[in-house]
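A.B. asks: Sharing a structure, written as structure tokens. Questions coming.
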Amino acid sequence: MAVFRDCYLQISADASNWADLSTSGTVQIPAGAGLRPLTYKYPYGSDTAIIVGGKRPPLRLIVTYNYTDATVDNTIRTAYEAKSAFYVRFAPRGNATGNFLYTSSAGIITTPPIPEGERHSGTIVLNRFTFETPGYTKSTIGVT
């Protein structure tokens, strides 16, 4: 599993207005996420297979961030309940010129964002949601 902590992380319900989760967010990409399935054909008389690549499955991201009662939480919950398009973008090495920025295509939040933890324990209460997207674009920050 790839885990990106302290990364530049933003979310959006419209791909225009982005909410910043960089100070508290983590992006996890489960092992095998986006793994292209393969089909093997064994022709008669051959000792080796012919390998054909299948279609790419959706990419799954797990986003964890500090829970607040702010607009960000409402935006995430509304998108989940409405099954509406949602976007995530992140730069694993931070928001600096020349770093790579990965921006999702329109995807869907697949798990409800429910806060985790105890308020009275003195720890930070976290919120987490799972997001699936058909793909992403890779760009470079500050470079046109």
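By convention in this document, the chains of the structure tokens carry letters A, B, ... by their order, each chain's residues are numbered from 1, and ligands are numbered from 1 in the order they are shown.
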Need to verify the contact set: Ala96 of chain A, 12 Å, only C-alpha atoms, exclusion of same-chain residues closer than 6 positions in sequence. Can you return it as a list of chain:residue names?
C.D. replies: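 Contacts, in chain order: A:Cys7, A:Tyr8, A:Phe90, A:Thr140, A:Ile141, A:Gly142, A:Val143.
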A.B. asks: List as a list in words the protein and nucleic acid residues near Gln28 of chain A, meaning an atom at most 9 Å away when only C-alpha atoms are counted, but skip any in the same chain fewer than 5 places from it.
C.D. replies: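 Returned residues: Met1, Ala2, Val3, Phe4, Arg5, Arg60, Leu61, Ile62, Val63 and Thr64 of chain A.
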A.B. asks: For Leu126 of chain A, which residue among A:Tyr44, A:Trp18, A:Tyr87, A:Tyr65 is the nearest when counting only C-alpha atoms?
C.D. replies: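 Between A:Tyr44, A:Trp18, A:Tyr87, A:Tyr65, the residue approaching Leu126 of chain A most closely is A:Tyr65.
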A.B. asks: Would you please extract all alpha helix (DSSP H) residues from chain A, as assigned by DSSP on the backbone, and give them as a PDB file with N, CA and C atoms, in the first residue's frame?
C.D. replies:
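selection.pdb written:
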ATOM      1  N   THR A  71     -17.140  23.218   6.182  1.00  0.00           N
ATOM      2  CA  THR A  71     -17.695  23.020   4.848  1.00  0.00           C
ATOM      3  C   THR A  71     -17.130  21.780   4.172  1.00  0.00           C
ATOM      4  N   VAL A  72     -15.873  21.456   4.432  1.00  0.00           N
ATOM      5  CA  VAL A  72     -15.238  20.289   3.806  1.00  0.00           C
ATOM      6  C   VAL A  72     -16.018  19.019   4.127  1.00  0.00           C
ATOM      7  N   ASP A  73     -16.361  18.830   5.386  1.00  0.00           N
ATOM      8  CA  ASP A  73     -17.106  17.632   5.779  1.00  0.00           C
ATOM      9  C   ASP A  73     -18.481  17.587   5.116  1.00  0.00           C
ATOM     10  N   ASN A  74     -19.134  18.723   5.030  1.00  0.00           N
ATOM     11  CA  ASN A  74     -20.445  18.777   4.381  1.00  0.00           C
ATOM     12  C   ASN A  74     -20.337  18.488   2.889  1.00  0.00           C
ATOM     13  N   THR A  75     -19.297  18.993   2.253  1.00  0.00           N
ATOM     14  CA  THR A  75     -19.087  18.745   0.825  1.00  0.00           C
ATOM     15  C   THR A  75     -18.904  17.258   0.559  1.00  0.00           C
ATOM     16  N   ILE A  76     -18.102  16.598   1.377  1.00  0.00           N
ATOM     17  CA  ILE A  76     -17.843  15.166   1.215  1.00  0.00           C
ATOM     18  C   ILE A  76     -19.125  14.358   1.454  1.00  0.00           C
ATOM     19  N   ARG A  77     -19.831  14.659   2.537  1.00  0.00           N
ATOM     20  CA  ARG A  77     -21.056  13.923   2.855  1.00  0.00           C
ATOM     21  C   ARG A  77     -22.121  14.127   1.772  1.00  0.00           C
ATOM     22  N   THR A  78     -22.269  15.342   1.291  1.00  0.00           N
ATOM     23  CA  THR A  78     -23.258  15.622   0.242  1.00  0.00           C
ATOM     24  C   THR A  78     -22.943  14.839  -1.021  1.00  0.00           C
ATOM     25  N   ALA A  79     -21.669  14.808  -1.417  1.00  0.00           N
ATOM     26  CA  ALA A  79     -21.273  14.062  -2.617  1.00  0.00           C
ATOM     27  C   ALA A  79     -21.534  12.571  -2.441  1.00  0.00           C
ATOM     28  N   TYR A  80     -21.279  12.053  -1.237  1.00  0.00           N
ATOM     29  CA  TYR A  80     -21.538  10.628  -0.973  1.00  0.00           C
ATOM     30  C   TYR A  80     -23.030  10.321  -1.059  1.00  0.00           C
ATOM     31  N   GLU A  81     -23.829  11.123  -0.384  1.00  0.00           N
ATOM     32  CA  GLU A  81     -25.270  10.855  -0.334  1.00  0.00           C
ATOM     33  C   GLU A  81     -25.937  11.030  -1.699  1.00  0.00           C
ATOM     34  N   ALA A  82     -25.450  11.978  -2.497  1.00  0.00           N
ATOM     35  CA  ALA A  82     -26.048  12.247  -3.812  1.00  0.00           C
ATOM     36  C   ALA A  82     -25.459  11.371  -4.915  1.00  0.00           C
TER      37      ALA A  82
END
A.B. asks: If I take atom CA of Pro58 of chain A and atom CA of Thr133 of chain A, how far is one from the other in Å, to one decimal?
C.D. replies: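 Interatomic distance here is 5.3 Å.
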A.B. asks: Near Ile50 of chain A, counting only C-alpha atoms, which residues have an atom at most 7 Å away, once you skip same-chain residues fewer than 3 positions from it, shown as a PyMOL selection string?
C.D. replies: chain A and resi 40-42
A.B. asks: For Ala85 of chain A, find every residue with an atom within 6 Å (counting only C-alpha atoms), except residues of its own chain fewer than 2 positions away, and show them as a list in words.
C.D. replies: Ala106, Gly107 and Ile108 of chain A
A.B. asks: One number please: atom CA of Thr68 of chain A to atom CA of Glu132 of chain A, in Å, one decimal.
C.D. replies: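 If I compute the distance from atom CA of Thr68 of chain A to atom CA of Glu132 of chain A, I get 23.1 Å.
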